>>> print(open('run_3.pdb').read())   # PDB, C-alpha atoms
ATOM      1  CA  MET A   8     -60.078 -89.995  26.039
ATOM      2  CA  ILE A   9     -63.437 -90.848  27.606
ATOM      3  CA  LYS A  10     -65.763 -92.606  25.202
ATOM      4  CA  PRO A  11     -69.510 -92.054  25.471
ATOM      5  CA  ARG A  12     -71.550 -95.037  26.568
ATOM      6  CA  LYS A  13     -73.775 -96.668  24.054
ATOM      7  CA  GLN A  14     -77.506 -97.085  24.673
ATOM      8  CA  SER A  15     -80.246 -98.544  22.633
ATOM      9  CA  GLY A  16     -81.398 -95.102  21.543
ATOM     10  CA  GLY A  17     -77.939 -94.067  20.299
ATOM     11  CA  LEU A  18     -75.013 -92.118  21.818
ATOM     12  CA  LEU A  19     -75.439 -90.130  25.059
ATOM     13  CA  PRO A  20     -74.127 -86.534  24.450
ATOM     14  CA  VAL A  21     -71.359 -85.236  26.672
ATOM     15  CA  GLY A  22     -71.890 -81.840  28.444
ATOM     16  CA  ALA A  23     -74.829 -79.826  29.797
ATOM     17  CA  PRO A  24     -78.324 -81.107  29.128
ATOM     18  CA  VAL A  25     -80.321 -79.467  26.335
ATOM     19  CA  TRP A  26     -82.908 -77.952  28.661
ATOM     20  CA  ILE A  27     -80.287 -75.680  30.309
ATOM     21  CA  VAL A  28     -80.402 -73.304  27.322
ATOM     22  CA  THR A  29     -84.135 -72.778  27.714
ATOM     23  CA  PHE A  30     -83.724 -72.349  31.454
ATOM     24  CA  ALA A  31     -81.003 -69.704  30.984
ATOM     25  CA  ASP A  32     -83.206 -67.773  28.554
ATOM     26  CA  LEU A  33     -86.044 -67.864  31.059
ATOM     27  CA  MET A  34     -83.830 -66.524  33.875
ATOM     28  CA  THR A  35     -82.544 -63.725  31.659
ATOM     29  CA  LEU A  36     -86.090 -62.703  30.730
ATOM     30  CA  LEU A  37     -87.152 -62.731  34.376
ATOM     31  CA  LEU A  38     -84.162 -60.588  35.354
ATOM     32  CA  THR A  39     -84.976 -58.097  32.611
ATOM     33  CA  PHE A  40     -88.621 -58.031  33.709
ATOM     34  CA  PHE A  41     -87.745 -57.181  37.316
ATOM     35  CA  ILE A  42     -85.257 -54.539  36.239
ATOM     36  CA  LEU A  43     -88.005 -52.865  34.215
ATOM     37  CA  LEU A  44     -90.338 -52.998  37.198
ATOM     38  CA  LEU A  45     -87.634 -51.431  39.329
ATOM     39  CA  SER A  46     -87.002 -48.652  36.837
ATOM     40  CA  PHE A  47     -90.718 -47.748  36.674
ATOM     41  CA  SER A  48     -91.105 -47.614  40.432
ATOM     42  CA  SER A  49     -90.244 -44.656  42.674
ATOM     43  CA  LEU A  50     -87.410 -45.292  45.119
ATOM     44  CA  ASP A  51     -86.888 -43.794  48.499
ATOM     45  CA  ALA A  52     -83.685 -41.793  48.217
ATOM     46  CA  GLU A  53     -82.672 -42.490  51.793
ATOM     47  CA  LYS A  54     -83.150 -46.252  51.379
ATOM     48  CA  TYR A  55     -81.217 -46.147  48.125
ATOM     49  CA  ARG A  56     -78.377 -44.289  49.839
ATOM     50  CA  ALA A  57     -78.319 -46.870  52.620
ATOM     51  CA  ILE A  58     -78.238 -49.754  50.164
ATOM     52  CA  ALA A  59     -75.522 -48.085  48.129
ATOM     53  CA  TYR A  60     -73.510 -47.407  51.275
ATOM     54  CA  SER A  61     -73.769 -51.048  52.339
ATOM     55  CA  MET A  62     -72.716 -52.234  48.905
ATOM     56  CA  SER A  63     -69.789 -49.813  48.876
ATOM     57  CA  LYS A  64     -68.544 -51.246  52.177
ATOM     58  CA  ALA A  65     -68.971 -54.776  50.883
ATOM     59  CA  PHE A  66     -66.974 -54.070  47.715
ATOM     60  CA  GLY A  67     -64.405 -51.834  49.423
ATOM     61  CA  VAL A  68     -65.398 -48.581  47.652
ATOM     62  CA  ALA A  69     -64.770 -45.396  49.614
ATOM     63  CA  TRP A  70     -67.696 -43.030  50.156
ATOM     64  CA  VAL A  71     -67.337 -39.549  51.604
ATOM     65  CA  PRO A  72     -69.884 -39.080  54.392
ATOM     66  CA  SER A  73     -72.087 -36.018  54.352
ATOM     67  CA  SER A  74     -72.784 -33.770  57.318
ATOM     68  CA  GLN A  75     -75.716 -35.992  58.298
ATOM     69  CA  GLY A  76     -73.699 -39.211  58.273
ATOM     70  CA  ALA A  77     -75.304 -40.676  55.138
ATOM     71  CA  PRO A  78     -73.148 -41.342  52.084
ATOM     72  CA  ASP A  79     -73.018 -38.560  49.509
ATOM     73  CA  MET A  80     -74.349 -39.354  46.038
ATOM     74  CA  TYR A  81     -72.455 -38.356  42.927
ATOM     75  CA  PRO A  82     -74.509 -36.258  40.511
ATOM     76  CA  LEU A  83     -75.824 -38.065  37.469
ATOM     77  CA  GLY A  84     -73.816 -37.277  34.382
ATOM     78  CA  GLY A  85     -71.289 -35.300  36.442
ATOM     79  CA  ASP A  86     -67.670 -35.864  37.262
ATOM     80  CA  ILE A  87     -67.019 -38.348  40.035
ATOM     81  CA  THR A  88     -64.780 -36.131  42.118
ATOM     82  CA  PRO A  89     -65.177 -36.779  45.842
ATOM     83  CA  THR A  90     -64.697 -33.818  48.118
ATOM     84  CA  VAL A  91     -62.033 -34.218  50.763
ATOM     85  CA  PRO A  92     -63.447 -33.169  54.143
ATOM     86  CA  MET A  93     -61.752 -30.162  55.728
ATOM     87  CA  GLU A  94     -60.237 -30.534  59.168
ATOM     88  CA  PRO A  95     -61.659 -28.156  61.771
ATOM     89  CA  VAL A  96     -59.448 -25.219  62.749
ATOM     90  CA  ILE A  97     -59.172 -24.634  66.498
ATOM     91  CA  ARG A  98     -58.448 -21.047  67.561
ATOM     92  CA  ASP A  99     -57.942 -19.505  70.943
ATOM     93  CA  LYS A 100     -60.499 -16.963  72.057
ATOM     94  CA  GLY A 101     -57.910 -14.206  71.999
ATOM     95  CA  ASP A 102     -56.706 -14.957  68.493
ATOM     96  CA  ALA A 103     -58.028 -12.832  65.680
ATOM     97  CA  GLU A 104     -59.813 -14.649  62.930
ATOM     98  CA  GLN A 105     -57.336 -15.505  60.216
ATOM     99  CA  PRO A 106     -58.276 -15.059  56.562
ATOM    100  CA  ALA A 107     -58.795 -18.174  54.534
ATOM    101  CA  PRO A 108     -55.622 -19.314  52.759
ATOM    102  CA  GLN A 109     -55.475 -18.393  49.124
ATOM    103  CA  SER A 110     -54.952 -21.021  46.503
ATOM    104  CA  ASN A 111     -51.574 -21.108  44.796
ATOM    105  CA  VAL A 112     -53.128 -22.356  41.574
ATOM    106  CA  GLU A 113     -52.749 -19.784  38.826
ATOM    107  CA  PRO A 114     -55.911 -18.830  36.928
ATOM    108  CA  SER A 115     -56.401 -20.653  33.691
ATOM    109  CA  LEU A 116     -55.487 -18.882  30.486
ATOM    110  CA  ASP A 117     -58.300 -16.794  29.085
ATOM    111  CA  LEU A 118     -59.062 -18.379  25.734
ATOM    112  CA  SER A 119     -60.826 -15.238  24.537
ATOM    113  CA  GLN A 120     -57.561 -13.295  24.853
ATOM    114  CA  GLU A 121     -55.813 -15.957  22.780
ATOM    115  CA  VAL A 122     -58.430 -15.605  20.065
ATOM    116  CA  VAL A 123     -58.122 -11.807  20.029
ATOM    117  CA  SER A 124     -54.318 -12.007  19.932
ATOM    118  CA  GLU A 125     -54.395 -14.504  17.072
ATOM    119  CA  ALA A 126     -56.844 -12.348  15.101
ATOM    120  CA  ALA A 127     -54.674  -9.252  15.636
ATOM    121  CA  TYR A 128     -51.579 -11.143  14.489
ATOM    122  CA  MET A 129     -53.299 -12.262  11.284
ATOM    123  CA  GLU A 130     -54.559  -8.726  10.576
ATOM    124  CA  ASN A 131     -51.093  -7.264  11.104
ATOM    125  CA  ASP A 132     -49.621  -9.986   8.901
ATOM    126  CA  ARG A 133     -51.908  -8.962   6.045
ATOM    127  CA  LEU A 134     -51.099  -5.281   6.527
ATOM    128  CA  ALA A 135     -47.351  -5.916   6.635
ATOM    129  CA  SER A 136     -47.535  -8.089   3.521
ATOM    130  CA  ARG A 137     -49.369  -5.292   1.712
ATOM    131  CA  MET A 138     -46.713  -2.777   2.755
ATOM    132  CA  ILE A 139     -43.890  -5.078   1.700
ATOM    133  CA  SER A 140     -45.393  -5.586  -1.746
ATOM    134  CA  LEU A 141     -45.658  -1.813  -2.294
ATOM    135  CA  LEU A 142     -42.256  -0.909  -0.813
ATOM    136  CA  GLU A 143     -40.282  -3.779  -2.314
ATOM    137  CA  ASN A 144     -37.746  -1.512  -4.011
ATOM    138  CA  GLU A 145     -37.219   0.593  -0.884
ATOM    139  CA  ILE A 146     -36.677  -2.568   1.182
ATOM    140  CA  GLU A 147     -34.072  -3.792  -1.322
ATOM    141  CA  ASP A 148     -32.322  -0.405  -1.054
ATOM    142  CA  GLN A 149     -32.327  -0.830   2.768
ATOM    143  CA  ALA A 150     -34.188   2.444   3.100
ATOM    144  CA  VAL A 151     -37.041   0.894   5.094
ATOM    145  CA  ASP A 152     -37.520  -2.124   7.337
ATOM    146  CA  ILE A 153     -40.939  -3.613   8.120
ATOM    147  CA  LYS A 154     -41.764  -5.746  11.161
ATOM    148  CA  PHE A 155     -44.983  -6.904  12.791
ATOM    149  CA  ASP A 156     -46.401  -8.931  15.674
ATOM    150  CA  ASP A 157     -49.739  -9.164  17.468
ATOM    151  CA  GLN A 158     -49.227  -5.636  18.822
ATOM    152  CA  GLY A 159     -48.882  -3.851  15.498
ATOM    153  CA  VAL A 160     -46.832  -3.107  12.378
ATOM    154  CA  VAL A 161     -43.656  -0.975  12.438
ATOM    155  CA  LEU A 162     -42.131   0.758   9.412
ATOM    156  CA  SER A 163     -38.599   2.003  10.171
ATOM    157  CA  PHE A 164     -37.038   4.520   7.743
ATOM    158  CA  THR A 165     -33.330   5.276   7.875
ATOM    159  CA  GLU A 166     -32.040   8.832   8.129
ATOM    160  CA  ARG A 167     -30.157   8.325   4.861
ATOM    161  CA  ALA A 168     -33.464   7.909   3.036
ATOM    162  CA  THR A 169     -35.538  10.478   4.899
ATOM    163  CA  PHE A 170     -33.533  13.513   6.020
ATOM    164  CA  ALA A 171     -30.286  15.322   5.461
ATOM    165  CA  SER A 172     -27.971  15.466   8.455
ATOM    166  CA  GLY A 173     -29.270  17.897  11.087
ATOM    167  CA  SER A 174     -32.396  18.746   9.038
ATOM    168  CA  GLU A 175     -36.111  18.079   9.458
ATOM    169  CA  GLU A 176     -36.922  18.606   5.759
ATOM    170  CA  LEU A 177     -37.993  15.400   4.004
ATOM    171  CA  LYS A 178     -35.924  14.327   1.024
ATOM    172  CA  LEU A 179     -37.707  14.187  -2.344
ATOM    173  CA  TYR A 180     -37.076  10.445  -2.328
ATOM    174  CA  MET A 181     -39.486  10.051   0.609
ATOM    175  CA  LEU A 182     -42.476  11.870  -0.874
ATOM    176  CA  PRO A 183     -43.716   9.030  -3.164
ATOM    177  CA  VAL A 184     -42.817   6.478  -0.493
ATOM    178  CA  LEU A 185     -45.040   8.141   2.086
ATOM    179  CA  MET A 186     -47.746   8.460  -0.554
ATOM    180  CA  LYS A 187     -47.728   4.650  -0.903
ATOM    181  CA  VAL A 188     -47.983   4.302   2.861
ATOM    182  CA  THR A 189     -50.947   6.685   2.879
ATOM    183  CA  ASP A 190     -52.644   4.686   0.122
ATOM    184  CA  VAL A 191     -52.625   1.605   2.356
ATOM    185  CA  LEU A 192     -53.471   3.313   5.647
ATOM    186  CA  ALA A 193     -56.406   5.153   4.072
ATOM    187  CA  ASP A 194     -58.179   1.774   3.847
ATOM    188  CA  CYS A 195     -57.378   0.891   7.462
ATOM    189  CA  LYS A 196     -58.629   1.784  10.879
ATOM    190  CA  GLY A 197     -56.268   2.062  13.836
ATOM    191  CA  ASP A 198     -53.840   4.381  15.591
ATOM    192  CA  ILE A 199     -50.727   5.708  13.839
ATOM    193  CA  LEU A 200     -47.743   6.843  15.930
ATOM    194  CA  VAL A 201     -44.745   8.464  14.241
ATOM    195  CA  THR A 202     -41.563   8.613  16.333
ATOM    196  CA  GLY A 203     -38.264  10.323  15.553
ATOM    197  CA  HIS A 204     -34.945   8.951  16.863
ATOM    198  CA  THR A 205     -31.371  10.258  16.894
ATOM    199  CA  ASP A 206     -27.980   9.031  18.068
ATOM    200  CA  ASP A 207     -26.263  10.160  21.260
ATOM    201  CA  ARG A 208     -24.176  12.942  19.748
ATOM    202  CA  PRO A 209     -25.306  16.439  20.789
ATOM    203  CA  ILE A 210     -26.629  18.469  17.897
ATOM    204  CA  GLU A 211     -24.838  21.650  16.867
ATOM    205  CA  SER A 212     -27.515  23.819  15.275
ATOM    206  CA  ALA A 213     -29.005  27.229  15.800
ATOM    207  CA  ARG A 214     -32.427  25.841  14.810
ATOM    208  CA  PHE A 215     -32.669  23.007  17.331
ATOM    209  CA  ARG A 216     -31.831  23.196  21.014
ATOM    210  CA  SER A 217     -31.193  19.453  21.358
ATOM    211  CA  ASN A 218     -31.823  16.062  19.838
ATOM    212  CA  TRP A 219     -35.285  16.216  21.360
ATOM    213  CA  ASP A 220     -36.188  19.139  19.125
ATOM    214  CA  LEU A 221     -34.688  17.474  16.056
ATOM    215  CA  SER A 222     -36.388  14.095  16.575
ATOM    216  CA  ALA A 223     -39.765  15.715  17.267
ATOM    217  CA  ALA A 224     -39.482  17.987  14.218
ATOM    218  CA  ARG A 225     -38.717  15.022  11.970
ATOM    219  CA  ALA A 226     -41.718  13.089  13.312
ATOM    220  CA  VAL A 227     -43.941  16.127  12.651
ATOM    221  CA  SER A 228     -42.634  16.373   9.066
ATOM    222  CA  VAL A 229     -43.675  12.773   8.398
ATOM    223  CA  VAL A 230     -47.084  13.269  10.025
ATOM    224  CA  HIS A 231     -47.659  16.402   7.945
ATOM    225  CA  ARG A 232     -46.990  14.450   4.748
ATOM    226  CA  LEU A 233     -49.283  11.570   5.806
ATOM    227  CA  VAL A 234     -52.304  13.786   6.518
ATOM    228  CA  LEU A 235     -51.632  16.339   3.778
ATOM    229  CA  ASP A 236     -54.259  15.141   1.294
ATOM    230  CA  GLY A 237     -56.932  14.576   3.962
ATOM    231  CA  ARG A 238     -57.432  10.852   3.422
ATOM    232  CA  LEU A 239     -56.130  10.092   6.913
ATOM    233  CA  ASN A 240     -58.031  11.508   9.850
ATOM    234  CA  ALA A 241     -55.551  13.645  11.787
ATOM    235  CA  SER A 242     -57.020  12.410  15.090
ATOM    236  CA  ARG A 243     -55.560   8.973  14.341
ATOM    237  CA  VAL A 244     -51.989  10.232  13.970
ATOM    238  CA  SER A 245     -49.537  11.291  16.693
ATOM    239  CA  ALA A 246     -45.947  12.558  16.530
ATOM    240  CA  ILE A 247     -43.322  12.179  19.247
ATOM    241  CA  GLY A 248     -39.592  12.734  19.567
ATOM    242  CA  GLN A 249     -37.531  10.142  21.398
ATOM    243  CA  ALA A 250     -34.082  11.720  20.848
ATOM    244  CA  GLU A 251     -31.395   9.120  21.704
ATOM    245  CA  THR A 252     -33.428   7.309  24.389
ATOM    246  CA  ARG A 253     -34.526   4.317  22.234
ATOM    247  CA  PRO A 254     -31.409   3.083  20.388
ATOM    248  CA  LEU A 255     -31.581  -0.079  18.295
ATOM    249  CA  VAL A 256     -27.897  -0.812  18.885
ATOM    250  CA  PRO A 257     -25.224   0.734  21.129
ATOM    251  CA  ASN A 258     -23.919   4.096  19.931
ATOM    252  CA  ASP A 259     -20.332   2.862  19.785
ATOM    253  CA  THR A 260     -19.563   3.123  16.047
ATOM    254  CA  ASP A 261     -20.541   5.381  13.164
ATOM    255  CA  GLU A 262     -22.428   2.501  11.561
ATOM    256  CA  HIS A 263     -24.428   1.865  14.719
ATOM    257  CA  ARG A 264     -25.195   5.550  15.139
ATOM    258  CA  ALA A 265     -26.525   5.615  11.580
ATOM    259  CA  GLN A 266     -28.897   2.739  12.441
ATOM    260  CA  ASN A 267     -30.199   4.615  15.451
ATOM    261  CA  ARG A 268     -31.004   7.746  13.425
ATOM    262  CA  ARG A 269     -34.397   6.814  12.042
ATOM    263  CA  VAL A 270     -38.119   7.565  11.868
ATOM    264  CA  GLU A 271     -40.659   4.864  12.709
ATOM    265  CA  ILE A 272     -44.341   4.594  11.845
ATOM    266  CA  HIS A 273     -46.248   2.372  14.262
ATOM    267  CA  ILE A 274     -49.706   1.123  13.227
ATOM    268  CA  GLU A 275     -51.701  -0.307  16.114
ATOM    269  CA  ASN A 276     -55.183  -1.896  16.307
ATOM    270  CA  ALA A 277     -55.279  -2.138  12.527
ATOM    271  CA  GLU A 278     -58.437  -3.192  10.702
ATOM    272  CA  CYS A 279     -57.937  -2.991   6.962
ATOM    273  CA  ARG A 280     -60.074  -3.533   3.871
ATOM    274  CA  MET A 281     -57.701  -5.387   1.587
ATOM    275  CA  SER A 282     -58.613  -5.633  -2.091
TER
END
>>> encode(input="run_3.pdb", output="structure tokens")
Amino acid sequence: MIKPRKQSGGLLPVGAPVWIVTFADLMTLLLTFFILLLSFSSLDAEKYRAIAYSMSKAFGVAWVPSSQGAPDMYPLGGDITPTVPMEPVIRDKGDAEQPAPQSNVEPSLDLSQEVVSEAAYMENDRLASRMISLLENEIEDQAVDIKFDDQGVVLSFTERATFASGSEELKLYMLPVLMKVTDVLADCKGDILVTGHTDDRPIESARFRSNWDLSAARAVSVVHRLVLDGRLNASRVSAIGQAETRPLVPNDTDEHRAQNRRVEIHIENAECRMS
């Protein structure tokens, strides 16, 4: 350990002299003063580019040259994303001009479509929940099934609950059920499509020529009941027969055929006033 030398005035301190602190403060103030002068002055852009280019070479920073040979400046507050220069394309005189290559990058997802889809899903969720609460007993009896997604709400009624075999006349059981459906849809906007479905067995009836006639007649019977009291605008409702062309399950057993014989009510673009 080095011991400080003694003098008549006391111990000599080890380290930098005291005046260095004052000197450092003075240099800092002078530097700040000149920086302020520089900020208040107007700079020549070309000289600034040249200085920046020289400094970039000195520190090994890559600059992308512009068409005039001077270094390009990055925009203030923008992203520092240098542009890679394109190589020239040499074509023969006889060659036709080729179209510019298209980018393989897929367009970004439209966020507005996501918002609309999410809003539609929530609206259909509320409508389906309302239907489920009103048709709870029918759902427990497996007379109706309710599903929904962002495209709409689907109520599927079994043939056992809606029609007698080979008939288009609604069972008495269905009249109050469809009245409940009308009560909800009367407070909603949107399109209503009623579709009738059968199994693959040909119908044997003097009234209907084929399953197409039967499925369409059943859809019309449901539509007639929905618009009967005038609360639903008939222009919103459509009826269509699908015959056996849209089976839920293969028509390979009697149980599966019974599942395929059904009537569906599709509600699309719903906007409801829920109490």
>>> resolve_selection(input="run_3.pdb", expression="the PyMOL selection byres ((chain A and resi 270) around 9)", output="list in words")
Leu162, Ser163, Phe164, Thr165, Glu166, Thr169, Val201, Thr202, Gly203, His204, Thr205, Ser222, Arg225, Ala226, Val229, Arg268, Arg269, Glu271 and Ile272 of chain A
>>> write_last_selection(input="run_3.pdb", atoms="C-alpha atoms", output="tab-separated table (two decimals), keeping the file's coordinate frame")
chain	number	residue	atom	x	y	z
A	162	LEU	CA	-42.13	0.76	9.41
A	163	SER	CA	-38.60	2.00	10.17
A	164	PHE	CA	-37.04	4.52	7.74
A	165	THR	CA	-33.33	5.28	7.88
A	166	GLU	CA	-32.04	8.83	8.13
A	169	THR	CA	-35.54	10.48	4.90
A	201	VAL	CA	-44.74	8.46	14.24
A	202	THR	CA	-41.56	8.61	16.33
A	203	GLY	CA	-38.26	10.32	15.55
A	204	HIS	CA	-34.94	8.95	16.86
A	205	THR	CA	-31.37	10.26	16.89
A	222	SER	CA	-36.39	14.10	16.58
A	225	ARG	CA	-38.72	15.02	11.97
A	226	ALA	CA	-41.72	13.09	13.31
A	229	VAL	CA	-43.68	12.77	8.40
A	268	ARG	CA	-31.00	7.75	13.42
A	269	ARG	CA	-34.40	6.81	12.04
A	271	GLU	CA	-40.66	4.86	12.71
A	272	ILE	CA	-44.34	4.59	11.84
>>> atom_distance(input="run_3.pdb", atom1="atom CA of A:Val161", atom2="atom CA of A:Ile146")
13.3 Å
>>> atom_distance(input="run_3.pdb", atom1="atom CA of A:Ser119", atom2="atom CA of A:Val244")
29.0 Å
>>> closest_residue(input="run_3.pdb", among="A:Asp132, A:Gly173, A:Ser46, A:Ser245", to="A:Arg214", atoms="all atoms listed in the file")
A:Gly173
>>> resolve_selection(input="run_3.pdb", expression="the PyMOL selection byres ((chain A and resi 177) around 12)", output="ChimeraX atom specification")
/A:164-176,178-185,224-232,270
>>> write_last_selection(input="run_3.pdb", atoms="C-alpha atoms", output="PDB file, in the coordinates of the input")
ATOM      1  CA  PHE A 164     -37.038   4.520   7.743  1.00  0.00           C
ATOM      2  CA  THR A 165     -33.330   5.276   7.875  1.00  0.00           C
ATOM      3  CA  GLU A 166     -32.040   8.832   8.129  1.00  0.00           C
ATOM      4  CA  ARG A 167     -30.157   8.325   4.861  1.00  0.00           C
ATOM      5  CA  ALA A 168     -33.464   7.909   3.036  1.00  0.00           C
ATOM      6  CA  THR A 169     -35.538  10.478   4.899  1.00  0.00           C
ATOM      7  CA  PHE A 170     -33.533  13.513   6.020  1.00  0.00           C
ATOM      8  CA  ALA A 171     -30.286  15.322   5.461  1.00  0.00           C
ATOM      9  CA  SER A 172     -27.971  15.466   8.455  1.00  0.00           C
ATOM     10  CA  GLY A 173     -29.270  17.897  11.087  1.00  0.00           C
ATOM     11  CA  SER A 174     -32.396  18.746   9.038  1.00  0.00           C
ATOM     12  CA  GLU A 175     -36.111  18.079   9.458  1.00  0.00           C
ATOM     13  CA  GLU A 176     -36.922  18.606   5.759  1.00  0.00           C
ATOM     14  CA  LYS A 178     -35.924  14.327   1.024  1.00  0.00           C
ATOM     15  CA  LEU A 179     -37.707  14.187  -2.344  1.00  0.00           C
ATOM     16  CA  TYR A 180     -37.076  10.445  -2.328  1.00  0.00           C
ATOM     17  CA  MET A 181     -39.486  10.051   0.609  1.00  0.00           C
ATOM     18  CA  LEU A 182     -42.476  11.870  -0.874  1.00  0.00           C
ATOM     19  CA  PRO A 183     -43.716   9.030  -3.164  1.00  0.00           C
ATOM     20  CA  VAL A 184     -42.817   6.478  -0.493  1.00  0.00           C
ATOM     21  CA  LEU A 185     -45.040   8.141   2.086  1.00  0.00           C
ATOM     22  CA  ALA A 224     -39.482  17.987  14.218  1.00  0.00           C
ATOM     23  CA  ARG A 225     -38.717  15.022  11.970  1.00  0.00           C
ATOM     24  CA  ALA A 226     -41.718  13.089  13.312  1.00  0.00           C
ATOM     25  CA  VAL A 227     -43.941  16.127  12.651  1.00  0.00           C
ATOM     26  CA  SER A 228     -42.634  16.373   9.066  1.00  0.00           C
ATOM     27  CA  VAL A 229     -43.675  12.773   8.398  1.00  0.00           C
ATOM     28  CA  VAL A 230     -47.084  13.269  10.025  1.00  0.00           C
ATOM     29  CA  HIS A 231     -47.659  16.402   7.945  1.00  0.00           C
ATOM     30  CA  ARG A 232     -46.990  14.450   4.748  1.00  0.00           C
ATOM     31  CA  VAL A 270     -38.119   7.565  11.868  1.00  0.00           C
TER      32      VAL A 270
END
>>> atom_distance(input="run_3.pdb", atom1="atom CA of A:Arg133", atom2="atom CA of A:Leu233")
20.7 Å
>>> residues_around(input="run_3.pdb", residues="A:Asn258", least_positions_apart="6", cutoff="9 Å", atoms="all atoms listed in the file", output="JSON, numbers by chain")
{"A": [206, 207, 208, 264, 265, 267]}
>>> residues_around(input="run_3.pdb", residues="A:Asn218", least_positions_apart="6", cutoff="8 Å", atoms="all atoms listed in the file", output="PyMOL selection string")
chain A and resi 205+209-210+250-251
>>> residues_around(input="run_3.pdb", residues="stretch 122-131 of chain A", least_positions_apart="4", cutoff="10 Å", atoms="all atoms listed in the file", output="list in words")
Asp117, Leu118, Ala135, Ser136, Arg137, Lys154, Phe155, Asp156, Asp157, Gln158, Gly159, Val160, Val161, Ile274, Glu275, Asn276, Ala277, Glu278 and Cys279 of chain A
>>> axis_aligned_box(input="run_3.pdb", around="stretch 242-245 of chain A", padding_each_side="6 Å", output="AutoDock Vina command-line options")
--center_x -53.3 --center_y 10.7 --center_z 15.3 --size_x 19.5 --size_y 15.4 --size_z 14.7
>>> build_atoms(input="run_3.pdb", residues="stretch 194-205 of chain A", atoms="N, CA, C and O atoms", output="PDB file, in the frame of the given file")
ATOM      1  N   ASP A 194     -57.193   2.854   3.823  1.00  0.00           N
ATOM      2  CA  ASP A 194     -58.179   1.774   3.847  1.00  0.00           C
ATOM      3  C   ASP A 194     -58.178   1.024   5.173  1.00  0.00           C
ATOM      4  O   ASP A 194     -58.782  -0.053   5.272  1.00  0.00           O
ATOM      5  N   CYS A 195     -57.507   1.563   6.167  1.00  0.00           N
ATOM      6  CA  CYS A 195     -57.378   0.891   7.462  1.00  0.00           C
ATOM      7  C   CYS A 195     -57.884   1.777   8.587  1.00  0.00           C
ATOM      8  O   CYS A 195     -57.807   3.011   8.513  1.00  0.00           O
ATOM      9  N   LYS A 196     -58.370   1.128   9.605  1.00  0.00           N
ATOM     10  CA  LYS A 196     -58.629   1.784  10.879  1.00  0.00           C
ATOM     11  C   LYS A 196     -57.463   1.490  11.815  1.00  0.00           C
ATOM     12  O   LYS A 196     -56.721   0.544  11.610  1.00  0.00           O
ATOM     13  N   GLY A 197     -57.329   2.300  12.862  1.00  0.00           N
ATOM     14  CA  GLY A 197     -56.268   2.062  13.836  1.00  0.00           C
ATOM     15  C   GLY A 197     -55.480   3.322  14.123  1.00  0.00           C
ATOM     16  O   GLY A 197     -55.606   4.349  13.436  1.00  0.00           O
ATOM     17  N   ASP A 198     -54.658   3.251  15.157  1.00  0.00           N
ATOM     18  CA  ASP A 198     -53.840   4.381  15.591  1.00  0.00           C
ATOM     19  C   ASP A 198     -52.494   4.364  14.883  1.00  0.00           C
ATOM     20  O   ASP A 198     -51.905   3.305  14.666  1.00  0.00           O
ATOM     21  N   ILE A 199     -52.003   5.560  14.542  1.00  0.00           N
ATOM     22  CA  ILE A 199     -50.727   5.708  13.839  1.00  0.00           C
ATOM     23  C   ILE A 199     -49.834   6.613  14.683  1.00  0.00           C
ATOM     24  O   ILE A 199     -50.175   7.766  14.931  1.00  0.00           O
ATOM     25  N   LEU A 200     -48.698   6.087  15.117  1.00  0.00           N
ATOM     26  CA  LEU A 200     -47.743   6.843  15.930  1.00  0.00           C
ATOM     27  C   LEU A 200     -46.435   6.960  15.165  1.00  0.00           C
ATOM     28  O   LEU A 200     -45.831   5.947  14.800  1.00  0.00           O
ATOM     29  N   VAL A 201     -46.001   8.190  14.940  1.00  0.00           N
ATOM     30  CA  VAL A 201     -44.745   8.464  14.241  1.00  0.00           C
ATOM     31  C   VAL A 201     -43.734   8.941  15.273  1.00  0.00           C
ATOM     32  O   VAL A 201     -43.989   9.912  16.000  1.00  0.00           O
ATOM     33  N   THR A 202     -42.589   8.258  15.359  1.00  0.00           N
ATOM     34  CA  THR A 202     -41.563   8.613  16.333  1.00  0.00           C
ATOM     35  C   THR A 202     -40.250   8.913  15.620  1.00  0.00           C
ATOM     36  O   THR A 202     -39.861   8.197  14.694  1.00  0.00           O
ATOM     37  N   GLY A 203     -39.577   9.978  16.064  1.00  0.00           N
ATOM     38  CA  GLY A 203     -38.264  10.323  15.553  1.00  0.00           C
ATOM     39  C   GLY A 203     -37.180   9.924  16.536  1.00  0.00           C
ATOM     40  O   GLY A 203     -37.357  10.036  17.759  1.00  0.00           O
ATOM     41  N   HIS A 204     -36.052   9.433  16.028  1.00  0.00           N
ATOM     42  CA  HIS A 204     -34.945   8.951  16.863  1.00  0.00           C
ATOM     43  C   HIS A 204     -33.632   9.521  16.343  1.00  0.00           C
ATOM     44  O   HIS A 204     -33.447   9.687  15.132  1.00  0.00           O
ATOM     45  N   THR A 205     -32.701   9.781  17.245  1.00  0.00           N
ATOM     46  CA  THR A 205     -31.371  10.258  16.894  1.00  0.00           C
ATOM     47  C   THR A 205     -30.327   9.384  17.575  1.00  0.00           C
ATOM     48  O   THR A 205     -30.658   8.472  18.338  1.00  0.00           O
TER      49      THR A 205
END
